[in-house]
Amino acid sequence: MDTVLDTAGRAGRTLDSRPIAPSLFAHFVLRSSNAAAMVDWYTAVLNMHVVYRDDMLSFLTYDDEHHRLAIINIGGLQAPDDKSTGLSHVAYAFPRIGDLLATYRRLKARGIEPFWPIHHEPTVSLYYHDPDVNAVELQVDCFSKAEAAAYFHTEAFRKNPVGVVFDPEVLASAYEAGAPETDLLRQPDGPPARV
């Protein structure tokens, strides 16, 4: 930004004309006719807490952001059909494989199980459906950010861009038995998964 003076001698600023990336992804908003169950699910799954809640609106967060998720309570909504365009899923990353597997076990004990456990190669991912059947991915990175970006340009990615389905219970048991984390993060052998 350059400081410029207007005709009255006041200092002004010139706005930058270059594209500017946002500093973070702040939040997303869901519309639901099932708001109470949605709030309960997100507090259980993502360890969120309610910042604000009334009959129409709920704000939830898991960190110091004022809200990471808003749920708008609107009666009579219908789920989109499988032929609708729109959001496929949202994803949340854990720092370590043990955190992802501990979350898997905690949720399983509550009757919340992934509908699609898949090792994408750059991530180990567990996909869940919330009460409105929105897809939520919980993942842990297997590579550094640079390694993951480079992986998308490899022959391995070209041959299998989706990944391999795995059994999260087997992975959790291997973790508890002391398997090295590098082994747990390695993609298992198996056929490419279908989307």
# chains A, B, ... in the order shown; residues from 1 in each chain; ligands from 1
call {"tool": "closest_atom_pairs", "arguments": {"of": "stretch 92-170 of chain A", "to": "stretch 26-44 of chain A", "cutoff": "12 Å", "atoms": "only C-alpha atoms", "output": "Markdown table"}}
result
| residue | atom | partner | partner_atom | distance |
| --- | --- | --- | --- | --- |
| A:Tyr92 | CA | A:Tyr42 | CA | 11.9 |
| A:Thr103 | CA | A:Ala44 | CA | 9.8 |
| A:Tyr104 | CA | A:Ala44 | CA | 11.4 |
| A:Arg106 | CA | A:Ala44 | CA | 9.2 |
| A:Leu107 | CA | A:Ala44 | CA | 7.6 |
| A:Lys108 | CA | A:Ala44 | CA | 11.2 |
| A:Ala109 | CA | A:Ala44 | CA | 11.4 |
| A:Arg110 | CA | A:Ala44 | CA | 8.9 |
| A:Gly111 | CA | A:Trp41 | CA | 11.1 |
| A:Ile112 | CA | A:Trp41 | CA | 9.0 |
| A:Tyr128 | CA | A:Trp41 | CA | 10.7 |
| A:His129 | CA | A:Trp41 | CA | 9.7 |
| A:Asp130 | CA | A:Trp41 | CA | 6.6 |
| A:Pro131 | CA | A:Met38 | CA | 5.9 |
| A:Asp132 | CA | A:Ser32 | CA | 7.2 |
| A:Val133 | CA | A:Met38 | CA | 10.1 |
| A:Asn134 | CA | A:Leu30 | CA | 9.2 |
| A:Ala135 | CA | A:Leu30 | CA | 11.9 |
| A:Val136 | CA | A:Tyr42 | CA | 9.9 |
call {"tool": "write_last_selection", "arguments": {"atoms": "C-alpha atoms", "output": "CSV table (one decimal), in the first residue's frame"}}
result
chain,number,residue,atom,x,y,z
A,92,TYR,CA,-10.9,-32.0,9.8
A,103,THR,CA,-11.6,-40.5,18.2
A,104,TYR,CA,-12.7,-43.4,16.1
A,106,ARG,CA,-14.7,-42.9,21.3
A,107,LEU,CA,-17.2,-42.4,18.6
A,108,LYS,CA,-17.7,-46.1,17.9
A,109,ALA,CA,-18.6,-46.6,21.6
A,110,ARG,CA,-21.3,-44.0,21.1
A,111,GLY,CA,-22.6,-45.8,18.0
A,112,ILE,CA,-21.1,-43.4,15.5
A,128,TYR,CA,-18.9,-40.0,8.8
A,129,HIS,CA,-22.4,-38.9,8.2
A,130,ASP,CA,-24.0,-36.3,10.5
A,131,PRO,CA,-27.7,-36.7,11.4
A,132,ASP,CA,-28.6,-34.8,8.2
A,133,VAL,CA,-26.3,-37.1,6.2
A,134,ASN,CA,-23.7,-34.4,5.5
A,135,ALA,CA,-20.3,-36.1,5.1
A,136,VAL,CA,-17.5,-35.2,7.5
call {"tool": "select_by_dssp", "arguments": {"residues": "stretch 25-62 of chain A", "states": "strand (DSSP E)", "output": "list in words"}}
result
Phe28, Val29, Leu30, Arg31, Ser32, His49, Val50, Val51, Tyr52, Arg53, Leu57, Ser58, Phe59, Leu60 and Thr61 of chain A
call {"tool": "closest_residue", "arguments": {"among": "A:Leu69, A:Ala193, A:Ala21, A:Leu77", "to": "A:Pro161", "atoms": "only C-alpha atoms"}}
result
A:Ala193
call {"tool": "closest_residue", "arguments": {"among": "A:Lys83, A:Arg186, A:His49, A:Arg13", "to": "A:His66", "atoms": "only C-alpha atoms"}}
result
A:His49
call {"tool": "residues_around", "arguments": {"residues": "A:Pro191", "least_positions_apart": "4", "cutoff": "9 Å", "atoms": "only C-alpha atoms", "output": "ChimeraX atom specification"}}
result
/A:160,163-165
call {"tool": "residues_around", "arguments": {"residues": "A:Arg105", "least_positions_apart": "6", "cutoff": "10 Å", "atoms": "only C-alpha atoms", "output": "ChimeraX atom specification"}}
result
/A:99,111-113,168-169,172
call {"tool": "residues_around", "arguments": {"residues": "A:Phe143", "least_positions_apart": "5", "cutoff": "12 Å", "atoms": "only C-alpha atoms", "output": "list in words"}}
result
Pro95, Arg96, His120, Glu121, Pro122, Thr123, Val124, Ala148, Ala149, Ala150, Tyr151, Phe152, Thr182, Leu185, Arg186 and Gln187 of chain A
call {"tool": "write_last_selection", "arguments": {"atoms": "N, CA and C atoms", "output": "mmCIF file, in the first residue's frame"}}
result
data_model
loop_
_atom_site.group_PDB
_atom_site.id
_atom_site.type_symbol
_atom_site.label_atom_id
_atom_site.label_comp_id
_atom_site.auth_asym_id
_atom_site.auth_seq_id
_atom_site.Cartn_x
_atom_site.Cartn_y
_atom_site.Cartn_z
ATOM 1 N N PRO A 95 -3.549 -34.071 14.534
ATOM 2 C CA PRO A 95 -2.088 -34.002 14.382
ATOM 3 C C PRO A 95 -1.387 -35.354 14.337
ATOM 4 N N ARG A 96 -1.977 -36.379 14.951
ATOM 5 C CA ARG A 96 -1.313 -37.685 15.024
ATOM 6 C C ARG A 96 -2.311 -38.814 14.759
ATOM 7 N N HIS A 120 -6.053 -42.535 1.718
ATOM 8 C CA HIS A 120 -5.880 -41.837 0.438
ATOM 9 C C HIS A 120 -4.417 -41.810 -0.015
ATOM 10 N N GLU A 121 -3.504 -42.240 0.783
ATOM 11 C CA GLU A 121 -2.048 -42.171 0.642
ATOM 12 C C GLU A 121 -1.518 -40.910 1.309
ATOM 13 N N PRO A 122 -1.923 -39.694 0.914
ATOM 14 C CA PRO A 122 -1.465 -38.529 1.677
ATOM 15 C C PRO A 122 -2.172 -38.396 3.027
ATOM 16 N N THR A 123 -3.350 -39.054 3.186
ATOM 17 C CA THR A 123 -4.071 -39.005 4.461
ATOM 18 C C THR A 123 -4.674 -40.368 4.775
ATOM 19 N N VAL A 124 -4.811 -40.626 6.069
ATOM 20 C CA VAL A 124 -5.649 -41.713 6.560
ATOM 21 C C VAL A 124 -6.948 -41.027 6.961
ATOM 22 N N ALA A 148 2.714 -33.926 0.074
ATOM 23 C CA ALA A 148 1.355 -34.218 -0.391
ATOM 24 C C ALA A 148 1.082 -33.537 -1.730
ATOM 25 N N ALA A 149 1.484 -32.277 -1.850
ATOM 26 C CA ALA A 149 1.273 -31.561 -3.114
ATOM 27 C C ALA A 149 2.050 -32.232 -4.248
ATOM 28 N N ALA A 150 3.269 -32.686 -3.971
ATOM 29 C CA ALA A 150 4.074 -33.365 -4.991
ATOM 30 C C ALA A 150 3.468 -34.720 -5.358
ATOM 31 N N TYR A 151 2.860 -35.402 -4.393
ATOM 32 C CA TYR A 151 2.277 -36.721 -4.638
ATOM 33 C C TYR A 151 1.203 -36.673 -5.721
ATOM 34 N N PHE A 152 0.462 -35.581 -5.805
ATOM 35 C CA PHE A 152 -0.609 -35.462 -6.791
ATOM 36 C C PHE A 152 -0.087 -35.496 -8.233
ATOM 37 N N THR A 182 4.975 -44.875 11.598
ATOM 38 C CA THR A 182 5.303 -44.860 10.166
ATOM 39 C C THR A 182 4.625 -46.025 9.445
ATOM 40 N N LEU A 185 0.852 -45.272 9.062
ATOM 41 C CA LEU A 185 0.568 -44.235 8.071
ATOM 42 C C LEU A 185 0.796 -44.710 6.636
ATOM 43 N N ARG A 186 1.425 -45.869 6.469
ATOM 44 C CA ARG A 186 1.699 -46.401 5.136
ATOM 45 C C ARG A 186 0.415 -46.992 4.553
ATOM 46 N N GLN A 187 0.140 -46.675 3.293
ATOM 47 C CA GLN A 187 -1.073 -47.184 2.652
ATOM 48 C C GLN A 187 -1.009 -48.708 2.547
#
call {"tool": "residues_around", "arguments": {"residues": "A:Ser125", "least_positions_apart": "2", "cutoff": "7 Å", "atoms": "only C-alpha atoms", "output": "JSON, numbers by chain"}}
result
{"A": [117, 118, 119, 123, 127, 137, 138, 139, 140]}
call {"tool": "select_by_dssp", "arguments": {"residues": "chain A", "states": "alpha helix (DSSP H)", "output": "short mmCIF file (atom, residue, chain, number, x, y, z; two decimals) with C-alpha atoms, in the first residue's frame"}}
result
data_model
loop_
_atom_site.label_atom_id
_atom_site.label_comp_id
_atom_site.auth_asym_id
_atom_site.auth_seq_id
_atom_site.Cartn_x
_atom_site.Cartn_y
_atom_site.Cartn_z
CA ALA A 35 -30.84 -28.80 14.78
CA ALA A 36 -30.79 -30.37 18.25
CA ALA A 37 -29.42 -33.69 16.93
CA MET A 38 -26.94 -31.82 14.73
CA VAL A 39 -25.60 -29.80 17.69
CA ASP A 40 -25.30 -32.98 19.76
CA TRP A 41 -23.48 -34.79 16.94
CA TYR A 42 -20.93 -32.04 16.26
CA THR A 43 -20.22 -31.55 19.96
CA ALA A 44 -19.60 -35.31 20.24
CA VAL A 45 -17.63 -35.83 17.04
CA LEU A 46 -15.47 -32.68 16.92
CA ILE A 97 -2.65 -41.09 14.00
CA GLY A 98 -3.26 -41.94 17.67
CA ASP A 99 -5.61 -38.94 17.95
CA LEU A 100 -7.61 -40.08 14.92
CA LEU A 101 -7.83 -43.66 16.20
CA ALA A 102 -8.77 -42.56 19.74
CA THR A 103 -11.55 -40.45 18.21
CA TYR A 104 -12.67 -43.43 16.12
CA ARG A 105 -12.90 -45.63 19.23
CA ARG A 106 -14.66 -42.95 21.31
CA LEU A 107 -17.24 -42.38 18.57
CA LYS A 108 -17.71 -46.11 17.95
CA ALA A 109 -18.57 -46.55 21.64
CA LYS A 145 2.27 -30.39 2.99
CA ALA A 146 4.94 -30.19 0.26
CA GLU A 147 5.14 -33.99 -0.08
CA ALA A 148 1.35 -34.22 -0.39
CA ALA A 149 1.27 -31.56 -3.11
CA ALA A 150 4.07 -33.36 -4.99
CA TYR A 151 2.28 -36.72 -4.64
CA GLU A 155 2.25 -42.17 -11.30
CA ALA A 156 0.93 -43.74 -8.06
CA PHE A 157 -1.70 -40.99 -7.77
CA ARG A 158 -2.60 -41.27 -11.45
CA LYS A 159 -3.19 -45.01 -11.03
CA PRO A 168 -10.14 -48.93 11.28
CA GLU A 169 -10.48 -51.55 14.01
CA VAL A 170 -7.44 -53.40 12.66
CA LEU A 171 -5.48 -50.13 12.53
CA ALA A 172 -6.54 -49.18 16.10
CA SER A 173 -5.51 -52.62 17.37
CA ALA A 174 -2.14 -52.33 15.63
CA TYR A 175 -1.64 -48.91 17.24
CA GLU A 176 -2.46 -50.33 20.68
CA GLU A 181 3.41 -44.82 13.47
CA THR A 182 5.30 -44.86 10.17
CA ASP A 183 3.84 -48.33 9.51
CA LEU A 184 0.34 -47.19 10.47
CA LEU A 185 0.57 -44.24 8.07
#
call {"tool": "closest_residue", "arguments": {"among": "A:His89, A:Leu15, A:Ile20, A:Phe94", "to": "A:Cys142", "atoms": "only C-alpha atoms"}}
result
A:Phe94
